[in-house]
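Below you'll find the structure, written out as structure tokens, and then a few comments.
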Amino acid sequence: MFFLSFYFIVVHCDDNVKPDEIAVAIISGKEMLSSRVKAQAESWIPTFPRVFVYSDEFPNNIIQEIRTASPNANISFVTVSNQSEHIHGSQWIHPWYRAQPRILASMYDLWVQNKDSGIRWYILGDDDTYLYIKNIIRRLTKHNSSNPEVVSFFWCTWDHITQYMLPERECHPFAQGGAGVFYSHT
């Protein structure tokens, strides 16, 4: 006797993601605020209800300069302390390497600042990332924010950053901001 069984898997996706359910963060450094972040403020930042800009420092009048470039945008500026002491004096001399450890601290802060505000998705991008809200919403409707999901390119962290994370291993993968990181609220 032959039995044929069919199983239907129903996957719930976020059918109707709204812009105010998305928290956006940009990671920058003091060297790029007046060029890259200002250009973002003049282009796509005003299309989102609120954007957080994270940097190691906000020199002189740069915050006012960025706000002037985008007077209708809701931008919060957050200083992230240096997390790269462990690479000073090493072969990792390019500023890009010093910026990478700030990513995890920025992701955590973005979550803390928005965890009780109805946010379903968090987006993290670099200061040279262009975010187009319609495409992002279309992409997020293919995912379920009630599940722990991360959509990104992954790198390994340094031991100094993950020294207390278990299990101990050579690589603790983390999502890197380059093309953007989307992660759910769960």
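In the structure tokens, the first chain shown is A, the next is B, and so on; residue numbers restart at 1 for each chain, and ligands run from 1 in the order shown.
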### Query
Quick one: DSSP helix (DSSP H, G or I) residues in stretch 6-94 of chain A, as a PyMOL selection string?
chain A and resi 19-21+33-42+45-47+62-69+85-87
### Task
Using only C-alpha atoms, determine which residues lie at most 8 Å from stretch 112-123 of chain A, disregarding the query and same-chain residues fewer than 6 positions distant; provide the list as number ranges by chain.
A: 20-25, 145-146, 180-185
Selected residues, C-alpha atoms, written as a CSV table (one decimal), in the first residue's frame, please.
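Below is the file that was written, part_9.csv:
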chain,number,residue,atom,x,y,z
A,20,ASP,CA,7.8,54.1,11.7
A,21,GLU,CA,8.5,50.4,12.6
A,22,ILE,CA,12.0,50.7,11.3
A,23,ALA,CA,14.9,52.1,13.4
A,24,VAL,CA,17.9,53.3,11.3
A,25,ALA,CA,21.5,53.8,12.4
A,145,SER,CA,10.2,40.3,12.6
A,146,SER,CA,8.8,37.9,15.3
A,180,GLY,CA,23.4,47.4,5.4
A,181,VAL,CA,22.3,45.1,8.2
A,182,PHE,CA,18.7,44.3,8.9
A,183,TYR,CA,17.8,42.7,12.2
A,184,SER,CA,14.5,41.9,13.8
A,185,HIS,CA,13.3,43.1,17.2
### Task
Within 7 Å of A:Ile75, counting only C-alpha atoms, which residues show up once you throw out same-chain ones fewer than 4 positions away? Write them as number ranges by chain, please.
A: 50-52
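Closest approach to A:Ala41 among A:Val17, A:Ser81, A:Glu57, A:Asp128: A:Asp128, based on only C-alpha atoms.
Close contacts of stretch 61-70 of chain A, defined as residues with an atom at most 10 Å away when counting only C-alpha atoms, with chain neighbours fewer than 6 positions off set aside, comprise Lys30, Leu33, Ser34, Ser35, Val37, Lys38, Ala39, Gln40, Ala41, Glu42, Ser43, Trp44, Ile45, Pro46, Val53, Ser76 and Phe77 of chain A.
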Those same residues, written as an mmCIF file, in the first residue's frame with N, CA, C and O atoms?
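This is the output file selection_24.cif:
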data_model
loop_
_atom_site.group_PDB
_atom_site.id
_atom_site.type_symbol
_atom_site.label_atom_id
_atom_site.label_comp_id
_atom_site.auth_asym_id
_atom_site.auth_seq_id
_atom_site.Cartn_x
_atom_site.Cartn_y
_atom_site.Cartn_z
ATOM 1 N N LYS A 30 34.531 60.731 12.726
ATOM 2 C CA LYS A 30 34.627 62.190 12.678
ATOM 3 C C LYS A 30 35.145 62.696 11.339
ATOM 4 O O LYS A 30 34.788 63.784 10.905
ATOM 5 N N LEU A 33 31.924 62.853 8.625
ATOM 6 C CA LEU A 33 30.627 63.455 8.946
ATOM 7 C C LEU A 33 30.259 64.585 7.986
ATOM 8 O O LEU A 33 29.126 64.649 7.493
ATOM 9 N N SER A 34 31.201 65.474 7.712
ATOM 10 C CA SER A 34 30.875 66.646 6.887
ATOM 11 C C SER A 34 30.738 66.308 5.411
ATOM 12 O O SER A 34 30.167 67.093 4.654
ATOM 13 N N SER A 35 31.216 65.159 4.991
ATOM 14 C CA SER A 35 31.055 64.786 3.583
ATOM 15 C C SER A 35 29.981 63.707 3.424
ATOM 16 O O SER A 35 28.889 63.973 2.921
ATOM 17 N N VAL A 37 28.039 61.794 5.717
ATOM 18 C CA VAL A 37 26.782 61.867 6.473
ATOM 19 C C VAL A 37 25.975 63.086 6.041
ATOM 20 O O VAL A 37 24.749 63.011 5.928
ATOM 21 N N LYS A 38 26.635 64.175 5.762
ATOM 22 C CA LYS A 38 25.914 65.354 5.268
ATOM 23 C C LYS A 38 25.228 65.041 3.939
ATOM 24 O O LYS A 38 24.077 65.432 3.723
ATOM 25 N N ALA A 39 25.897 64.305 3.054
ATOM 26 C CA ALA A 39 25.280 63.908 1.779
ATOM 27 C C ALA A 39 24.080 62.992 2.018
ATOM 28 O O ALA A 39 23.061 63.097 1.320
ATOM 29 N N GLN A 40 24.175 62.098 3.002
ATOM 30 C CA GLN A 40 23.032 61.247 3.338
ATOM 31 C C GLN A 40 21.868 62.105 3.844
ATOM 32 O O GLN A 40 20.710 61.867 3.497
ATOM 33 N N ALA A 41 22.191 63.109 4.656
ATOM 34 C CA ALA A 41 21.143 63.994 5.194
ATOM 35 C C ALA A 41 20.472 64.787 4.080
ATOM 36 O O ALA A 41 19.286 65.099 4.171
ATOM 37 N N GLU A 42 21.200 65.098 3.053
ATOM 38 C CA GLU A 42 20.639 65.848 1.923
ATOM 39 C C GLU A 42 19.863 64.953 0.972
ATOM 40 O O GLU A 42 19.149 65.454 0.109
ATOM 41 N N SER A 43 19.999 63.644 1.111
ATOM 42 C CA SER A 43 19.329 62.742 0.173
ATOM 43 C C SER A 43 18.294 61.853 0.870
ATOM 44 O O SER A 43 17.132 62.213 0.960
ATOM 45 N N TRP A 44 18.687 60.723 1.407
ATOM 46 C CA TRP A 44 17.712 59.721 1.848
ATOM 47 C C TRP A 44 17.293 59.812 3.311
ATOM 48 O O TRP A 44 16.222 59.309 3.671
ATOM 49 N N ILE A 45 18.079 60.405 4.192
ATOM 50 C CA ILE A 45 17.735 60.417 5.620
ATOM 51 C C ILE A 45 16.334 60.977 5.891
ATOM 52 O O ILE A 45 15.595 60.407 6.699
ATOM 53 N N PRO A 46 15.911 62.052 5.235
ATOM 54 C CA PRO A 46 14.560 62.577 5.531
ATOM 55 C C PRO A 46 13.407 61.640 5.168
ATOM 56 O O PRO A 46 12.284 61.859 5.606
ATOM 57 N N VAL A 53 22.798 58.667 14.125
ATOM 58 C CA VAL A 53 24.150 58.708 13.567
ATOM 59 C C VAL A 53 25.119 58.449 14.713
ATOM 60 O O VAL A 53 25.115 59.172 15.714
ATOM 61 N N SER A 76 19.293 61.815 15.428
ATOM 62 C CA SER A 76 19.920 61.789 16.755
ATOM 63 C C SER A 76 21.397 61.476 16.566
ATOM 64 O O SER A 76 21.757 60.599 15.775
ATOM 65 N N PHE A 77 22.241 62.161 17.303
ATOM 66 C CA PHE A 77 23.691 61.975 17.206
ATOM 67 C C PHE A 77 24.193 61.327 18.492
ATOM 68 O O PHE A 77 23.943 61.842 19.579
#
### Query
Distance atom CA of A:Leu124-atom CA of A:Ile26, one decimal place?
5.8 Å
## Note on the structure
One residue among A:Pro19, A:Pro148, A:Pro49, A:Pro101 is nearest to A:Val80 when using only C-alpha atoms, and that residue is A:Pro101
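Note that atom CA of A:Asp15 and atom CA of A:Ile27 are 28.7 Å apart.
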### Query
Using only C-alpha atoms, which residue out of A:Asp109, A:Thr47, A:Phe153, A:Gln91 lies closest to A:Asn72?
A:Thr47
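Rounded to one decimal, atom CA of A:Cys171 and atom CA of A:Tyr108 lie 19.4 Å from each other.
Residues within 8 Å of stretch 137-140 of chain A, counting only C-alpha atoms and excluding same-chain residues fewer than 2 positions away, are A:Asp14, A:Val17, A:Lys18, A:Pro19, A:Ile133, A:Lys134, A:Asn135, A:Lys142, A:His143, A:Asn144.
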Can those selected residues be exported to a file as an mmCIF file, in the first residue's frame so that it contains N, CA, C and O atoms?
data_model
loop_
_atom_site.group_PDB
_atom_site.id
_atom_site.type_symbol
_atom_site.label_atom_id
_atom_site.label_comp_id
_atom_site.auth_asym_id
_atom_site.auth_seq_id
_atom_site.Cartn_x
_atom_site.Cartn_y
_atom_site.Cartn_z
ATOM 1 N N ASP A 14 6.096 39.623 7.535
ATOM 2 C CA ASP A 14 5.555 40.928 7.886
ATOM 3 C C ASP A 14 4.957 41.558 6.631
ATOM 4 O O ASP A 14 5.657 42.138 5.813
ATOM 5 N N VAL A 17 4.987 46.337 6.567
ATOM 6 C CA VAL A 17 5.971 47.048 7.379
ATOM 7 C C VAL A 17 5.811 48.538 7.102
ATOM 8 O O VAL A 17 5.765 48.968 5.961
ATOM 9 N N LYS A 18 5.721 49.312 8.174
ATOM 10 C CA LYS A 18 5.575 50.757 8.043
ATOM 11 C C LYS A 18 6.901 51.432 8.389
ATOM 12 O O LYS A 18 7.667 50.927 9.209
ATOM 13 N N PRO A 19 7.187 52.581 7.792
ATOM 14 C CA PRO A 19 8.450 53.269 8.081
ATOM 15 C C PRO A 19 8.684 53.538 9.557
ATOM 16 O O PRO A 19 9.818 53.449 10.031
ATOM 17 N N ILE A 133 13.960 53.535 1.044
ATOM 18 C CA ILE A 133 12.927 53.022 1.937
ATOM 19 C C ILE A 133 11.939 52.071 1.249
ATOM 20 O O ILE A 133 11.550 51.059 1.831
ATOM 21 N N LYS A 134 11.545 52.347 0.022
ATOM 22 C CA LYS A 134 10.577 51.456 -0.651
ATOM 23 C C LYS A 134 11.163 50.064 -0.875
ATOM 24 O O LYS A 134 10.473 49.062 -0.676
ATOM 25 N N ASN A 135 12.421 49.996 -1.267
ATOM 26 C CA ASN A 135 13.053 48.683 -1.461
ATOM 27 C C ASN A 135 13.244 47.962 -0.134
ATOM 28 O O ASN A 135 13.107 46.740 -0.061
ATOM 29 N N LYS A 142 9.342 40.101 3.252
ATOM 30 C CA LYS A 142 9.671 38.694 2.996
ATOM 31 C C LYS A 142 10.217 37.999 4.241
ATOM 32 O O LYS A 142 10.608 36.838 4.184
ATOM 33 N N HIS A 143 10.272 38.736 5.339
ATOM 34 C CA HIS A 143 10.830 38.199 6.581
ATOM 35 C C HIS A 143 9.833 38.389 7.711
ATOM 36 O O HIS A 143 8.880 39.145 7.597
ATOM 37 N N ASN A 144 10.086 37.711 8.817
ATOM 38 C CA ASN A 144 9.199 37.762 9.968
ATOM 39 C C ASN A 144 9.939 38.384 11.143
ATOM 40 O O ASN A 144 10.848 37.772 11.707
#
### Message
Based on the backbone DSSP call, show me all residues of stretch 30-104 of chain A assigned strand (DSSP E or B), as an MDAnalysis selection string.
### Response
chainID A and resid 51:55 75:79
Using N, CA, C and O atoms, can you write the selected residues to a file as a tab-separated table (two decimals), in the first residue's frame?
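File produced: out-v1.tsv:
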chain	number	residue	atom	x	y	z
A	51	VAL	N	16.54	58.79	12.32
A	51	VAL	CA	17.81	58.17	12.01
A	51	VAL	C	18.81	58.51	13.11
A	51	VAL	O	18.88	59.66	13.55
A	52	PHE	N	19.57	57.51	13.56
A	52	PHE	CA	20.62	57.70	14.55
A	52	PHE	C	21.96	57.69	13.83
A	52	PHE	O	22.21	56.80	13.02
A	53	VAL	N	22.80	58.67	14.12
A	53	VAL	CA	24.15	58.71	13.57
A	53	VAL	C	25.12	58.45	14.71
A	53	VAL	O	25.12	59.17	15.71
A	54	TYR	N	25.94	57.41	14.55
A	54	TYR	CA	26.92	57.03	15.56
A	54	TYR	C	28.31	57.39	15.04
A	54	TYR	O	28.64	57.11	13.89
A	55	SER	N	29.11	58.00	15.91
A	55	SER	CA	30.47	58.37	15.54
A	55	SER	C	31.34	58.38	16.78
A	55	SER	O	30.85	58.50	17.91
A	75	ILE	N	17.13	63.52	13.31
A	75	ILE	CA	18.42	62.84	13.43
A	75	ILE	C	18.90	62.96	14.87
A	75	ILE	O	18.93	64.04	15.43
A	76	SER	N	19.29	61.81	15.43
A	76	SER	CA	19.92	61.79	16.76
A	76	SER	C	21.40	61.48	16.57
A	76	SER	O	21.76	60.60	15.77
A	77	PHE	N	22.24	62.16	17.30
A	77	PHE	CA	23.69	61.98	17.21
A	77	PHE	C	24.19	61.33	18.49
A	77	PHE	O	23.94	61.84	19.58
A	78	VAL	N	24.88	60.18	18.34
A	78	VAL	CA	25.32	59.40	19.50
A	78	VAL	C	26.82	59.13	19.38
A	78	VAL	O	27.29	58.59	18.38
A	79	THR	N	27.55	59.51	20.42
A	79	THR	CA	28.99	59.24	20.46
A	79	THR	C	29.23	57.83	20.97
A	79	THR	O	28.68	57.43	22.00
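If only C-alpha atoms are the atoms counted, then among A:Trp155, A:Phe48, A:Trp111, A:Phe58 the closest residue to A:Glu31 is A:Phe58.
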